[in-house]
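Chemist: Below is input-v7.cif; it holds mmCIF, C-alpha atoms.
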```cif
data_start
#
loop_
_atom_site.group_PDB
_atom_site.id
_atom_site.type_symbol
_atom_site.label_atom_id
_atom_site.label_comp_id
_atom_site.auth_asym_id
_atom_site.auth_seq_id
_atom_site.Cartn_x
_atom_site.Cartn_y
_atom_site.Cartn_z
ATOM 1 C CA MET A 1 28.796 72.133 112.772
ATOM 2 C CA ILE A 2 31.066 70.805 110.049
ATOM 3 C CA ASP A 3 31.545 74.312 108.631
ATOM 4 C CA GLU A 4 32.551 75.582 112.071
ATOM 5 C CA VAL A 5 35.171 72.861 112.452
ATOM 6 C CA ALA A 6 36.587 73.620 108.992
ATOM 7 C CA ARG A 7 36.825 77.314 109.772
ATOM 8 C CA THR A 8 38.549 76.556 113.042
ATOM 9 C CA GLY A 9 41.109 74.266 111.298
ATOM 10 C CA THR A 10 41.843 76.886 108.696
ATOM 11 C CA LEU A 11 42.429 79.540 111.387
ATOM 12 C CA ILE A 12 44.760 77.233 113.312
ATOM 13 C CA ARG A 13 46.773 76.472 110.184
ATOM 14 C CA ALA A 14 47.040 80.159 109.329
ATOM 15 C CA GLN A 15 48.199 81.020 112.850
ATOM 16 C CA SER A 16 50.772 78.226 112.798
ATOM 17 C CA SER A 17 52.125 79.558 109.516
ATOM 18 C CA LEU A 18 52.811 83.034 110.957
ATOM 19 C CA PRO A 19 56.127 82.145 112.686
ATOM 20 C CA ALA A 20 57.425 80.454 109.544
ATOM 21 C CA LEU A 21 56.455 83.512 107.506
ATOM 22 C CA ALA A 22 58.175 85.815 109.968
ATOM 23 C CA VAL A 23 61.349 83.718 109.823
ATOM 24 C CA ALA A 24 61.248 83.733 106.025
ATOM 25 C CA LEU A 25 60.824 87.505 105.970
ATOM 26 C CA LEU A 26 63.728 87.904 108.411
ATOM 27 C CA VAL A 27 65.995 85.689 106.327
ATOM 28 C CA LEU A 28 65.006 87.552 103.171
ATOM 29 C CA THR A 29 65.768 90.868 104.818
ATOM 30 C CA MET A 30 69.192 89.652 105.990
ATOM 31 C CA VAL A 31 70.082 88.215 102.582
ATOM 32 C CA THR A 32 68.990 91.407 100.884
ATOM 33 C CA GLY A 33 71.096 93.486 103.282
ATOM 34 C CA VAL A 34 74.172 91.327 102.790
ATOM 35 C CA SER A 35 73.689 91.353 99.008
ATOM 36 C CA LEU A 36 73.354 95.129 98.973
ATOM 37 C CA GLY A 37 76.442 95.465 101.147
ATOM 38 C CA MET A 38 78.445 93.200 98.861
ATOM 39 C CA ALA A 39 77.213 95.036 95.793
ATOM 40 C CA SER A 40 78.142 98.372 97.347
ATOM 41 C CA SER A 41 81.587 97.045 98.217
ATOM 42 C CA ALA A 42 82.031 95.642 94.716
ATOM 43 C CA ILE A 43 81.017 98.943 93.152
ATOM 44 C CA SER A 44 83.376 100.836 95.424
ATOM 45 C CA GLY A 45 86.199 98.416 94.592
ATOM 46 C CA ALA A 46 85.421 98.699 90.899
ATOM 47 C CA ASP A 47 85.616 102.471 91.152
ATOM 48 C CA ARG A 48 89.091 102.258 92.692
ATOM 49 C CA GLU A 49 90.602 99.275 90.907
ATOM 50 C CA PRO A 50 90.830 100.590 87.322
ATOM 51 C CA GLY A 51 92.836 103.623 88.428
ATOM 52 C CA GLU A 52 95.064 101.568 90.713
ATOM 53 C CA ARG A 53 95.605 98.955 88.050
ATOM 54 C CA ARG A 54 96.539 101.520 85.419
ATOM 55 C CA VAL A 55 99.140 103.030 87.746
ATOM 56 C CA ALA A 56 100.556 99.634 88.774
ATOM 57 C CA VAL A 57 100.719 98.291 85.199
ATOM 58 C CA SER A 58 102.278 101.488 83.847
ATOM 59 C CA LEU A 59 104.856 101.707 86.631
ATOM 60 C CA ALA A 60 105.792 98.013 86.376
ATOM 61 C CA ALA A 61 106.305 98.367 82.618
ATOM 62 C CA GLY A 62 108.436 101.468 83.130
ATOM 63 C CA LEU A 63 110.604 99.875 85.794
ATOM 64 C CA VAL A 64 111.518 96.849 83.652
ATOM 65 C CA GLY A 65 111.716 98.707 80.321
ATOM 66 C CA GLY A 66 114.939 99.248 78.420
ATOM 67 C CA GLU A 67 115.072 102.940 79.411
ATOM 68 C CA SER A 68 114.524 102.308 83.124
ATOM 69 C CA PRO A 69 117.157 103.579 85.581
ATOM 70 C CA LEU A 70 117.194 100.031 86.988
ATOM 71 C CA THR A 71 117.861 98.025 83.839
ATOM 72 C CA VAL A 72 120.770 97.179 81.563
ATOM 73 C CA ARG A 73 118.197 96.045 78.986
ATOM 74 C CA ALA A 74 114.507 95.198 79.047
ATOM 75 C CA ASN A 75 113.587 92.879 81.957
ATOM 76 C CA ALA A 76 117.216 92.720 83.164
ATOM 77 C CA LEU A 77 117.986 94.703 86.330
ATOM 78 C CA ASP A 78 121.471 95.843 87.319
ATOM 79 C CA GLU A 79 122.341 94.911 90.902
ATOM 80 C CA SER A 80 124.363 98.094 91.439
ATOM 81 C CA ARG A 81 121.486 100.274 90.240
ATOM 82 C CA ILE A 82 119.052 98.489 92.535
ATOM 83 C CA ASP A 83 121.245 99.356 95.523
ATOM 84 C CA GLY A 84 120.927 103.059 94.728
ATOM 85 C CA PHE A 85 117.174 103.067 94.084
ATOM 86 C CA ASP A 86 115.141 104.654 96.893
ATOM 87 C CA ASP A 87 111.962 106.651 97.536
ATOM 88 C CA ALA A 88 113.407 109.852 96.072
ATOM 89 C CA ALA A 89 114.628 108.038 92.947
ATOM 90 C CA LEU A 90 111.176 106.509 92.445
ATOM 91 C CA GLU A 91 109.433 109.877 92.740
ATOM 92 C CA THR A 92 111.931 111.510 90.359
ATOM 93 C CA ALA A 93 111.927 108.824 87.674
ATOM 94 C CA PHE A 94 108.243 107.848 87.871
ATOM 95 C CA PRO A 95 106.150 110.655 89.407
ATOM 96 C CA VAL A 96 102.638 109.477 90.271
ATOM 97 C CA THR A 97 99.897 112.086 90.166
ATOM 98 C CA GLY A 98 96.933 112.221 92.533
ATOM 99 C CA ASP A 99 96.663 110.524 95.905
ATOM 100 C CA THR A 100 97.815 107.076 94.782
ATOM 101 C CA ALA A 101 100.421 105.535 97.081
ATOM 102 C CA VAL A 102 102.967 103.181 95.520
ATOM 103 C CA ARG A 103 105.235 100.437 96.812
ATOM 104 C CA VAL A 104 107.942 98.673 94.751
ATOM 105 C CA SER A 105 109.513 95.454 96.019
ATOM 106 C CA LEU A 106 111.952 92.907 94.616
ATOM 107 C CA GLY A 107 111.988 89.320 95.795
ATOM 108 C CA GLY A 108 109.627 90.286 98.609
ATOM 109 C CA GLN A 109 111.958 93.034 99.886
ATOM 110 C CA PRO A 110 110.815 96.687 99.611
ATOM 111 C CA LEU A 111 112.844 98.937 97.328
ATOM 112 C CA ALA A 112 110.956 102.225 97.319
ATOM 113 C CA THR A 113 107.656 103.683 98.500
ATOM 114 C CA THR A 114 105.646 106.828 97.921
ATOM 115 C CA GLY A 115 102.830 107.587 100.308
ATOM 116 C CA SER A 116 101.562 104.900 102.672
ATOM 117 C CA PRO A 117 100.067 102.001 100.698
ATOM 118 C CA THR A 118 98.108 99.523 102.831
ATOM 119 C CA ASP A 119 96.220 97.443 100.267
ATOM 120 C CA GLY A 120 95.614 98.284 96.627
ATOM 121 C CA THR A 121 96.342 96.473 93.366
ATOM 122 C CA THR A 122 99.605 94.593 92.790
ATOM 123 C CA ILE A 123 101.239 93.778 89.452
ATOM 124 C CA LYS A 124 104.148 91.304 89.358
ATOM 125 C CA ARG A 125 106.841 90.903 86.707
ATOM 126 C CA LEU A 126 109.491 88.186 86.454
ATOM 127 C CA VAL A 127 112.923 89.752 85.917
ATOM 128 C CA VAL A 128 116.602 88.823 85.759
ATOM 129 C CA VAL A 129 119.016 90.554 88.133
ATOM 130 C CA GLU A 130 122.590 90.886 86.878
ATOM 131 C CA GLU A 131 125.584 91.362 89.137
ATOM 132 C CA ARG A 132 128.776 92.433 87.380
ATOM 133 C CA THR A 133 132.336 92.201 88.669
ATOM 134 C CA ARG A 134 135.380 93.483 86.805
ATOM 135 C CA GLU A 135 137.979 90.784 86.235
ATOM 136 C CA ALA A 136 141.149 90.432 84.185
ATOM 137 C CA VAL A 137 143.394 87.745 82.714
ATOM 138 C CA GLU A 138 147.016 88.093 81.566
ATOM 139 C CA PRO A 139 147.801 84.852 79.759
ATOM 140 C CA ALA A 140 151.275 83.674 78.881
ATOM 141 C CA LEU A 141 150.453 82.413 75.411
ATOM 142 C CA GLY A 142 153.831 81.297 74.130
ATOM 143 C CA TRP A 143 152.974 79.594 70.866
ATOM 144 C CA GLN A 144 149.470 78.825 72.095
ATOM 145 C CA ARG A 145 147.244 81.350 70.417
ATOM 146 C CA GLY A 146 143.925 80.931 72.243
ATOM 147 C CA VAL A 147 142.614 82.014 75.639
ATOM 148 C CA THR A 148 139.047 81.425 76.864
ATOM 149 C CA LEU A 149 137.360 83.828 79.246
ATOM 150 C CA PRO A 150 136.270 82.029 82.441
ATOM 151 C CA ARG A 151 132.812 83.610 82.249
ATOM 152 C CA ARG A 152 130.494 85.047 79.649
ATOM 153 C CA SER A 153 130.630 88.786 79.088
ATOM 154 C CA ASP A 154 129.137 91.296 76.684
ATOM 155 C CA GLN A 155 132.301 93.384 76.392
ATOM 156 C CA ALA A 156 136.044 93.123 76.950
ATOM 157 C CA THR A 157 138.922 95.579 77.041
ATOM 158 C CA LEU A 158 141.918 94.114 75.213
ATOM 159 C CA THR A 159 145.379 95.597 75.700
ATOM 160 C CA LEU A 160 148.245 94.390 73.475
ATOM 161 C CA GLN A 161 151.908 95.086 74.210
ATOM 162 C CA PRO A 162 153.841 92.449 72.249
ATOM 163 C CA PRO A 163 157.585 92.168 72.892
ATOM 164 C CA PRO A 164 160.116 93.426 70.334
ATOM 165 C CA GLY A 165 160.282 91.138 67.346
ATOM 166 C CA THR A 166 156.701 89.864 67.728
ATOM 167 C CA THR A 167 153.889 91.245 65.625
ATOM 168 C CA VAL A 168 150.214 90.554 66.343
ATOM 169 C CA GLU A 169 148.313 90.908 63.081
ATOM 170 C CA THR A 170 144.829 89.548 63.861
ATOM 171 C CA VAL A 171 142.648 88.949 66.893
ATOM 172 C CA ARG A 172 139.497 86.828 66.677
ATOM 173 C CA ALA A 173 136.720 86.359 69.196
ATOM 174 C CA ASN A 174 135.505 82.836 68.494
ATOM 175 C CA ASP A 175 134.988 82.860 64.691
ATOM 176 C CA ARG A 176 134.782 86.639 64.355
ATOM 177 C CA ILE A 177 137.708 88.893 63.445
ATOM 178 C CA VAL A 178 137.635 91.816 65.894
ATOM 179 C CA LEU A 179 141.047 93.405 65.216
ATOM 180 C CA HIS A 180 143.376 93.299 62.229
ATOM 181 C CA ASP A 181 146.454 95.248 61.164
ATOM 182 C CA ARG A 182 149.221 93.908 58.952
ATOM 183 C CA THR A 183 151.742 96.300 60.462
ATOM 184 C CA GLY A 184 150.973 95.028 63.967
ATOM 185 C CA LEU A 185 148.409 95.613 66.665
ATOM 186 C CA ASN A 186 149.252 97.548 69.800
ATOM 187 C CA GLY A 187 147.401 99.474 72.496
ATOM 188 C CA THR A 188 143.941 99.166 74.054
ATOM 189 C CA ASN A 189 140.670 98.371 72.289
ATOM 190 C CA GLN A 190 137.068 97.810 73.406
ATOM 191 C CA ILE A 191 135.720 94.531 72.028
ATOM 192 C CA PRO A 192 131.933 93.897 71.989
ATOM 193 C CA LEU A 193 131.074 90.262 72.731
ATOM 194 C CA SER A 194 128.018 88.042 72.719
ATOM 195 C CA ARG A 195 126.654 87.510 76.213
ATOM 196 C CA PHE A 196 124.991 84.290 75.040
ATOM 197 C CA GLU A 197 128.201 82.306 74.515
ATOM 198 C CA THR A 198 131.627 81.805 76.064
ATOM 199 C CA THR A 199 134.336 83.752 74.254
ATOM 200 C CA THR A 200 137.748 82.452 73.199
ATOM 201 C CA PHE A 201 140.266 84.979 71.884
ATOM 202 C CA TYR A 202 142.694 83.799 69.205
ATOM 203 C CA PHE A 203 145.868 85.727 68.360
ATOM 204 C CA GLU A 204 147.772 85.503 65.084
ATOM 205 C CA ALA A 205 151.302 86.568 65.981
ATOM 206 C CA SER A 206 154.770 86.151 64.515
ATOM 207 C CA GLY A 207 156.278 85.082 67.820
ATOM 208 C CA PRO A 208 155.558 84.199 71.455
ATOM 209 C CA LEU A 209 153.479 86.429 73.713
ATOM 210 C CA PRO A 210 154.940 86.232 77.235
ATOM 211 C CA PRO A 211 153.156 87.539 80.377
ATOM 212 C CA GLY A 212 152.336 91.221 80.033
ATOM 213 C CA SER A 213 151.895 91.033 76.263
ATOM 214 C CA VAL A 214 148.134 90.496 76.469
ATOM 215 C CA ARG A 215 145.687 91.764 79.088
ATOM 216 C CA ILE A 216 141.951 91.132 78.853
ATOM 217 C CA GLU A 217 139.572 92.909 81.209
ATOM 218 C CA TYR A 218 135.936 91.918 81.190
ATOM 219 C CA ASP A 219 132.700 92.113 83.168
ATOM 220 C CA ALA A 220 131.894 88.760 84.738
ATOM 221 C CA ILE A 221 128.115 88.467 84.934
ATOM 222 C CA GLU A 222 126.144 86.423 87.442
ATOM 223 C CA THR A 223 122.358 86.320 87.125
ATOM 224 C CA ARG A 224 119.388 85.287 89.218
ATOM 225 C CA LYS A 225 115.633 85.391 88.692
ATOM 226 C CA GLU A 226 113.456 87.563 90.914
ATOM 227 C CA THR A 227 109.888 88.878 91.045
ATOM 228 C CA LEU A 228 109.356 92.630 90.862
ATOM 229 C CA ALA A 229 106.060 93.676 92.480
ATOM 230 C CA VAL A 230 104.391 97.084 92.140
ATOM 231 C CA THR A 231 101.463 97.963 94.409
ATOM 232 C CA ALA A 232 99.241 101.006 93.771
ATOM 233 C CA ASP A 233 96.798 102.054 96.493
ATOM 234 C CA GLY A 234 94.435 104.992 96.151
#
```
Take the structure I supplied and represent it as structure tokens, if you would.
Modeler:
Amino acid sequence: MIDEVARTGTLIRAQSSLPALAVALLVLTMVTGVSLGMASSAISGADREPGERRVAVSLAAGLVGGESPLTVRANALDESRIDGFDDAALETAFPVTGDTAVRVSLGGQPLATTGSPTDGTTIKRLVVVEERTREAVEPALGWQRGVTLPRRSDQATLTLQPPPGTTVETVRANDRIVLHDRTGLNGTNQIPLSRFETTTFYFEASGPLPPGSVRIEYDAIETRKETLAVTADG
């Protein structure tokens, strides 16, 4: 009798365990399916990402390099060149082989696109955008021999036309002699300047330099920081 009761209890416990076992098997099956799906997705993404990343990194480096059609020097973009950069310019300067679609944007605004990128890999680079305007000063120096440019510039065009009886022998940009002639300076000269400091021109002359004797043309530079983003999809 006791053995019968024990067998009956064991059977009841086994039957009561069946639903729990079924639930466990169901959960295991679902977890396995999700894991396999995620692994498949990861493998697929891994297959695509290296190629996309290579294209995005290479294109970003080319766009901000010193030889780029957009830059005045490495990591410094010219505003006027940006305005003329479009899809055709991108394809001509940086042809992308294969089926990879590319999008280039600056400050969140699209510049150029090839193909139809929808997702892909994005590489971002911090750049400086320079806007240049041509300006000129014609100082009346009198006996004052120095004139400071209102803005920094990397180059100036200096034109000297001293009046009769006045000879300009030397011109300095800050502490650097940029022009010198004992017999007298006259005419137009290109003067390279440092863009990292404000320039003051000093003139060593034998007499006053009234208006029209000195004309200085220069590129006034305004800069701002932006983020260049390159997306490669394919």
Chemist: Rounded to one decimal, what separation in Å do you get between CA of Ala112 (chain A) and CA of Glu222 (chain A)?
Modeler: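 Between CA of Ala112 (chain A) and CA of Glu222 (chain A) the gap is 24.0 Å.
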Chemist: Around (98.4, 105.9, 87.7), as given in the file, which residues come within 9 Å? Count only C-alpha atoms and list them as a PyMOL selection string.
Modeler: chain A and resi 51-59+96-98+100+232
Chemist: Give me the residues within 8 Å of Pro211 (chain A) as a list in words, counting all atoms listed in the file and dropping any in the same chain fewer than 2 places off.
Modeler: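 Counting all atoms listed in the file, the residues come to Glu138, Pro139, Ala140, Leu141, Leu209, Ser213 and Val214 of chain A.
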Chemist: For those residues, write C-alpha atoms to a file as a tab-separated table (two decimals), keeping the file's coordinate frame.
Modeler:
```
chain	number	residue	atom	x	y	z
A	138	GLU	CA	147.02	88.09	81.57
A	139	PRO	CA	147.80	84.85	79.76
A	140	ALA	CA	151.28	83.67	78.88
A	141	LEU	CA	150.45	82.41	75.41
A	209	LEU	CA	153.48	86.43	73.71
A	213	SER	CA	151.90	91.03	76.26
A	214	VAL	CA	148.13	90.50	76.47
```
Chemist: Which one is closest to Thr92 (chain A): A:Ala229, A:Ser153, A:Ser68, A:Glu217? Count only C-alpha atoms.
Modeler: A:Ser68
Chemist: Using only C-alpha atoms, which residue out of A:Ala205, A:Leu90, A:Val137, A:Val129 lies closest to Thr167 (chain A)?
Modeler: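 Distance minimum relative to Thr167 (chain A) lands on A:Ala205.
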Chemist: Step by step, work through what the PyMOL selection byres ((chain A and resi 188-201) around 12) selects in the shown file, and finish by giving those residues as a PyMOL selection string.
Modeler: chain A and resi 130+137+139+141+144-161+170-180+185-187+202-204+213-223
